[in-house]
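Below is one structure, written out as structure tokens; the observations come after it.
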Amino acid sequence: MKEQFITNTINLKSYNISESDKIIVMYSKEKGLIKGVAKGIKKTKSKLGGRMELLVANKMLLNKGRNLDTICQAEALNTFLNLRSDMNKLFYSMYCCEIVSNFGTENDPNSEEIYNLFYSFLERMSEAKTKKQAMLCVLRFQLKIMDITGYSIELNNCVKCLKKPCTSEIYFAVEHGGILCKTCAQDINKKIKIPQKILEFLYTLLIEDFNLNTRYDELATEKICDICINLLKNYIEYYSPKRFKTLQMLESIR
Ligand SMILES: [Zn+2]
């Protein structure tokens with residue numbers, strides 16, 4: 001009797017291994033990153049069908065293999081249908097999907113938290129009515145995923161003197177992991193000035209529940225969201241263990 005296991009997953013990417021089979025890379029609630037062979041998926045009559053498409057959440061039944069597990073059954077939990085008809089939403093989702101795929105690990109101890117965050121992200125992105133709503137969704141995701149994976153961005157205290165900056169002249173330095181006060185920033189080359197208001201905005205998004213609307217949802221403009229997404233994009237890219245492929249795509253919808 002083959003050993004089987006059940007887990008909730010979200011499809012991250014896939015690649016061909018033969019005329020009819022594909023390997024699906026997924027993020028699972030119980031085990032972090034996993035891979036499974038979808039047999040016969042490229043045939044028109046495949047019983048797995050559309051459930052193996054990217055960014056679909058499934059309840060999966062897998063057969064444990066010596067090297068590779070095989071997908072036996074998949075029950076769609078959410079296809080996040082409204083992502084697929086809007087290019088902005090789709091590109092943002094593919095970017096966040098790549099963050100999960102780059103920072104996710106096998107047997108990740110934080111897998112449940114990451115899975116739930118990614119699921120909430122896709123759900124909310126799917127429901128977004130405006131570009132600004134979609135952008136806020138990306139920002140929340142960028143901040144929270146860095147926090148969960150241990151690359152938390154310091155937004156309150158200067159990363160060098162560890163004190164709260166006493167002037168409004170504050171800098172952000174990717175390589176130092178967060179903000180710098182005016183004095184400490186003096187001998188740092190790679191830094192950008194960051195307004196206090198932007199820091200407050202980001203901090204609120206970081207600490208509030210993913211699905212909660214903050215007062216910033218109305219106050220923030222597309223331009224501010226764009227600046228922040230870009231800032232966090234550079235941060236995430238710097239700490240990523242793998243190279244990003246979706247950045248050009250992200251650039252195309254700015
Ligand atoms: Zn300082």
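Every chain in the structure tokens takes a letter, A first, then B, and so on in the order presented; its residues are numbered from 1, and the ligands are numbered from 1 following the presented order.
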Would you mind listing what lies within 10 Å of Met146 (chain A) as an MDAnalysis selection string, with only C-alpha atoms counted and same-chain residues fewer than 3 positions away left out? chainID A and resid 99 103 141:143 149:153 206 232 235:236 239
Find the residues near ligand 1. Use a cut-off of 7 Å, count only C-alpha atoms and all ligand atoms, and write them as a count of residues only.
12
Practice task
For Pro109 (chain A), work out the shell of residues within 10 Å, counting only C-alpha atoms and skipping chain neighbours fewer than 3 positions away, then give it as number ranges by chain.
Solution key: A: 30-32, 105-106, 112-114, 149
Write to file, as a PDB file, in the first residue's frame, the residues of the selection just made, with C-alpha atoms.
ATOM      1  CA  GLU A  30       1.464  21.666   6.148  1.00  0.00           C
ATOM      2  CA  LYS A  31       4.842  21.180   4.455  1.00  0.00           C
ATOM      3  CA  GLY A  32       5.853  24.435   2.794  1.00  0.00           C
ATOM      4  CA  THR A 105      11.348  26.275   1.853  1.00  0.00           C
ATOM      5  CA  GLU A 106      10.525  22.595   2.172  1.00  0.00           C
ATOM      6  CA  GLU A 112       0.654  27.570   7.730  1.00  0.00           C
ATOM      7  CA  GLU A 113       1.156  31.293   8.228  1.00  0.00           C
ATOM      8  CA  ILE A 114       2.640  31.749   4.755  1.00  0.00           C
ATOM      9  CA  THR A 149      10.260  34.734   6.726  1.00  0.00           C
TER      10      THR A 149
END
Closest atom pairs, region 108-227 of chain A residues within 7 Å of region 72-95 of chain A, only C-alpha atoms, as JSON lines:
{"residue": "A:Leu122", "atom": "CA", "partner": "A:Phe80", "partner_atom": "CA", "distance": 6.6}
{"residue": "A:Glu123", "atom": "CA", "partner": "A:Phe80", "partner_atom": "CA", "distance": 6.3}
{"residue": "A:Met125", "atom": "CA", "partner": "A:Lys89", "partner_atom": "CA", "distance": 6.5}
{"residue": "A:Ser126", "atom": "CA", "partner": "A:Leu83", "partner_atom": "CA", "distance": 4.7}
{"residue": "A:Glu127", "atom": "CA", "partner": "A:Asn82", "partner_atom": "CA", "distance": 6.8}
{"residue": "A:Ala134", "atom": "CA", "partner": "A:Lys89", "partner_atom": "CA", "distance": 6.5}
{"residue": "A:Val138", "atom": "CA", "partner": "A:Tyr92", "partner_atom": "CA", "distance": 6.8}
For Lys164 (chain A), the closest of A:Thr246, A:Ser46, A:Ile179, A:Met26 counting only C-alpha atoms is A:Ile179
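Taking CA of Cys96 (chain A) and CA of Phe5 (chain A) as the two end points, the separation is 26.9 Å.
Restricting the calculation to only C-alpha atoms, the smallest distance between Val37 (chain A) and any of A:Cys97, A:Leu12, A:Ile71, A:Ala57 is found for A:Ile71.
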